[in-house]
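Student: One structure, pasted below without further comment.
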Amino acid sequence: MNNVTGAYAACVDIGGDNAKEVGVVTNMNVQGEMYCEAIRNHSVFGQAEKINLAGYSQGGLISRYIIQECENITVHNFLSVGGP
């Protein structure tokens, strides 16, 4: 999804064809680091001064990890839906 009210939006995937397996059996800290690396290496997000995060269910937990633990990633806004 591009150019929504002048913003860039994309889903950052770490699991590829094994996304469900990664999300279920991989330690949350490991998943968090995988997302940090994926964001840093993303062609748009990796160059951004600030990013906005939206997380659904487990994505809310991963987003909190990104906010608290990822170096060189600044989160401007965070939205969590259906997360603990």
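In the structure tokens, chains take letters A, B, ... by order of appearance, with residues numbered from 1 within each chain and ligands from 1 in the order shown.
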Give me the residues within 12 Å of region 65-75 of chain A as a PyMOL selection string, counting only C-alpha atoms and dropping any in the same chain fewer than 3 places off.

Tutor: chain A and resi 28-42+45-55+58-62+78-79

Student: Can you write just those residues out, N, CA and C atoms, as an mmCIF file, in the first residue's frame?

Tutor:
data_model
loop_
_atom_site.group_PDB
_atom_site.id
_atom_site.type_symbol
_atom_site.label_atom_id
_atom_site.label_comp_id
_atom_site.auth_asym_id
_atom_site.auth_seq_id
_atom_site.Cartn_x
_atom_site.Cartn_y
_atom_site.Cartn_z
ATOM 1 N N MET A 28 10.329 -14.712 21.304
ATOM 2 C CA MET A 28 9.896 -13.337 21.008
ATOM 3 C C MET A 28 11.072 -12.365 20.886
ATOM 4 N N ASN A 29 12.112 -12.521 21.698
ATOM 5 C CA ASN A 29 13.274 -11.640 21.585
ATOM 6 C C ASN A 29 13.984 -11.836 20.259
ATOM 7 N N VAL A 30 14.053 -13.075 19.803
ATOM 8 C CA VAL A 30 14.665 -13.363 18.505
ATOM 9 C C VAL A 30 13.820 -12.755 17.388
ATOM 10 N N GLN A 31 12.494 -12.919 17.485
ATOM 11 C CA GLN A 31 11.613 -12.306 16.490
ATOM 12 C C GLN A 31 11.780 -10.792 16.480
ATOM 13 N N GLY A 32 11.848 -10.194 17.669
ATOM 14 C CA GLY A 32 12.031 -8.747 17.754
ATOM 15 C C GLY A 32 13.291 -8.295 17.048
ATOM 16 N N GLU A 33 14.384 -9.001 17.267
ATOM 17 C CA GLU A 33 15.644 -8.648 16.604
ATOM 18 C C GLU A 33 15.553 -8.846 15.098
ATOM 19 N N MET A 34 14.821 -9.885 14.679
ATOM 20 C CA MET A 34 14.626 -10.109 13.243
ATOM 21 C C MET A 34 13.887 -8.927 12.614
ATOM 22 N N TYR A 35 12.886 -8.413 13.320
ATOM 23 C CA TYR A 35 12.145 -7.256 12.817
ATOM 24 C C TYR A 35 13.007 -6.000 12.826
ATOM 25 N N CYS A 36 13.801 -5.809 13.866
ATOM 26 C CA CYS A 36 14.702 -4.649 13.909
ATOM 27 C C CYS A 36 15.595 -4.644 12.675
ATOM 28 N N GLU A 37 16.168 -5.798 12.383
ATOM 29 C CA GLU A 37 17.067 -5.920 11.229
ATOM 30 C C GLU A 37 16.312 -5.692 9.918
ATOM 31 N N ALA A 38 15.097 -6.249 9.828
ATOM 32 C CA ALA A 38 14.295 -6.079 8.609
ATOM 33 C C ALA A 38 13.942 -4.611 8.381
ATOM 34 N N ILE A 39 13.608 -3.893 9.444
ATOM 35 C CA ILE A 39 13.283 -2.468 9.317
ATOM 36 C C ILE A 39 14.520 -1.677 8.911
ATOM 37 N N ARG A 40 15.653 -1.954 9.551
ATOM 38 C CA ARG A 40 16.893 -1.246 9.206
ATOM 39 C C ARG A 40 17.287 -1.468 7.749
ATOM 40 N N ASN A 41 17.001 -2.654 7.224
ATOM 41 C CA ASN A 41 17.385 -2.990 5.852
ATOM 42 C C ASN A 41 16.315 -2.653 4.815
ATOM 43 N N HIS A 42 15.156 -2.189 5.252
ATOM 44 C CA HIS A 42 14.058 -1.850 4.341
ATOM 45 C C HIS A 42 14.437 -0.613 3.531
ATOM 46 N N PHE A 45 11.898 2.367 5.094
ATOM 47 C CA PHE A 45 11.933 2.508 6.551
ATOM 48 C C PHE A 45 13.353 2.659 7.081
ATOM 49 N N GLY A 46 14.296 1.997 6.440
ATOM 50 C CA GLY A 46 15.680 2.070 6.886
ATOM 51 C C GLY A 46 16.288 3.452 6.736
ATOM 52 N N GLN A 47 15.715 4.272 5.864
ATOM 53 C CA GLN A 47 16.209 5.632 5.626
ATOM 54 C C GLN A 47 15.392 6.691 6.351
ATOM 55 N N ALA A 48 14.294 6.284 6.960
ATOM 56 C CA ALA A 48 13.380 7.239 7.587
ATOM 57 C C ALA A 48 13.914 7.744 8.928
ATOM 58 N N GLU A 49 13.668 9.013 9.196
ATOM 59 C CA GLU A 49 14.041 9.595 10.483
ATOM 60 C C GLU A 49 13.180 9.009 11.602
ATOM 61 N N LYS A 50 11.875 8.825 11.313
ATOM 62 C CA LYS A 50 10.915 8.254 12.258
ATOM 63 C C LYS A 50 9.975 7.349 11.480
ATOM 64 N N ILE A 51 9.439 6.344 12.163
ATOM 65 C CA ILE A 51 8.441 5.478 11.539
ATOM 66 C C ILE A 51 7.210 5.391 12.445
ATOM 67 N N ASN A 52 6.097 4.987 11.862
ATOM 68 C CA ASN A 52 4.875 4.700 12.597
ATOM 69 C C ASN A 52 4.698 3.188 12.595
ATOM 70 N N LEU A 53 4.255 2.633 13.709
ATOM 71 C CA LEU A 53 4.030 1.193 13.816
ATOM 72 C C LEU A 53 2.579 0.907 14.136
ATOM 73 N N ALA A 54 2.041 -0.122 13.501
ATOM 74 C CA ALA A 54 0.723 -0.643 13.833
ATOM 75 C C ALA A 54 0.881 -2.136 14.024
ATOM 76 N N GLY A 55 0.428 -2.635 15.159
ATOM 77 C CA GLY A 55 0.555 -4.054 15.434
ATOM 78 C C GLY A 55 -0.771 -4.657 15.829
ATOM 79 N N GLN A 58 -0.162 -10.364 18.279
ATOM 80 C CA GLN A 58 1.256 -10.539 18.603
ATOM 81 C C GLN A 58 2.105 -9.412 18.023
ATOM 82 N N GLY A 59 1.647 -8.799 16.948
ATOM 83 C CA GLY A 59 2.362 -7.672 16.353
ATOM 84 C C GLY A 59 2.472 -6.494 17.308
ATOM 85 N N GLY A 60 1.515 -6.368 18.230
ATOM 86 C CA GLY A 60 1.604 -5.326 19.248
ATOM 87 C C GLY A 60 2.775 -5.567 20.180
ATOM 88 N N LEU A 61 3.014 -6.827 20.537
ATOM 89 C CA LEU A 61 4.150 -7.174 21.386
ATOM 90 C C LEU A 61 5.477 -6.938 20.660
ATOM 91 N N ILE A 62 5.513 -7.336 19.397
ATOM 92 C CA ILE A 62 6.728 -7.121 18.599
ATOM 93 C C ILE A 62 6.985 -5.622 18.442
ATOM 94 N N PHE A 78 2.490 4.764 17.568
ATOM 95 C CA PHE A 78 2.313 3.324 17.750
ATOM 96 C C PHE A 78 0.842 3.044 17.986
ATOM 97 N N LEU A 79 0.296 2.085 17.230
ATOM 98 C CA LEU A 79 -1.099 1.661 17.372
ATOM 99 C C LEU A 79 -1.106 0.159 17.570
#

Student: Pick out each residue of chain A that DSSP on the backbone tags as strand (DSSP E); I need them as JSON, numbers by chain.

Tutor: {"A": [51, 52, 53, 54, 55, 56, 75, 76, 77, 78, 79, 80, 81]}

Student: Between A:Arg64, A:Tyr56, A:Ile14, A:Tyr8, which is the closest to Val44 (chain A) once you count only C-alpha atoms?

Tutor: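 Nearest candidate to Val44 (chain A) out of A:Arg64, A:Tyr56, A:Ile14, A:Tyr8: A:Tyr8.
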
Student: To one decimal place, how far is CA of Val12 (chain A) from CA of Asn77 (chain A) in Å?

Tutor: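 Computing it gives 16.5 Å between the two atoms.
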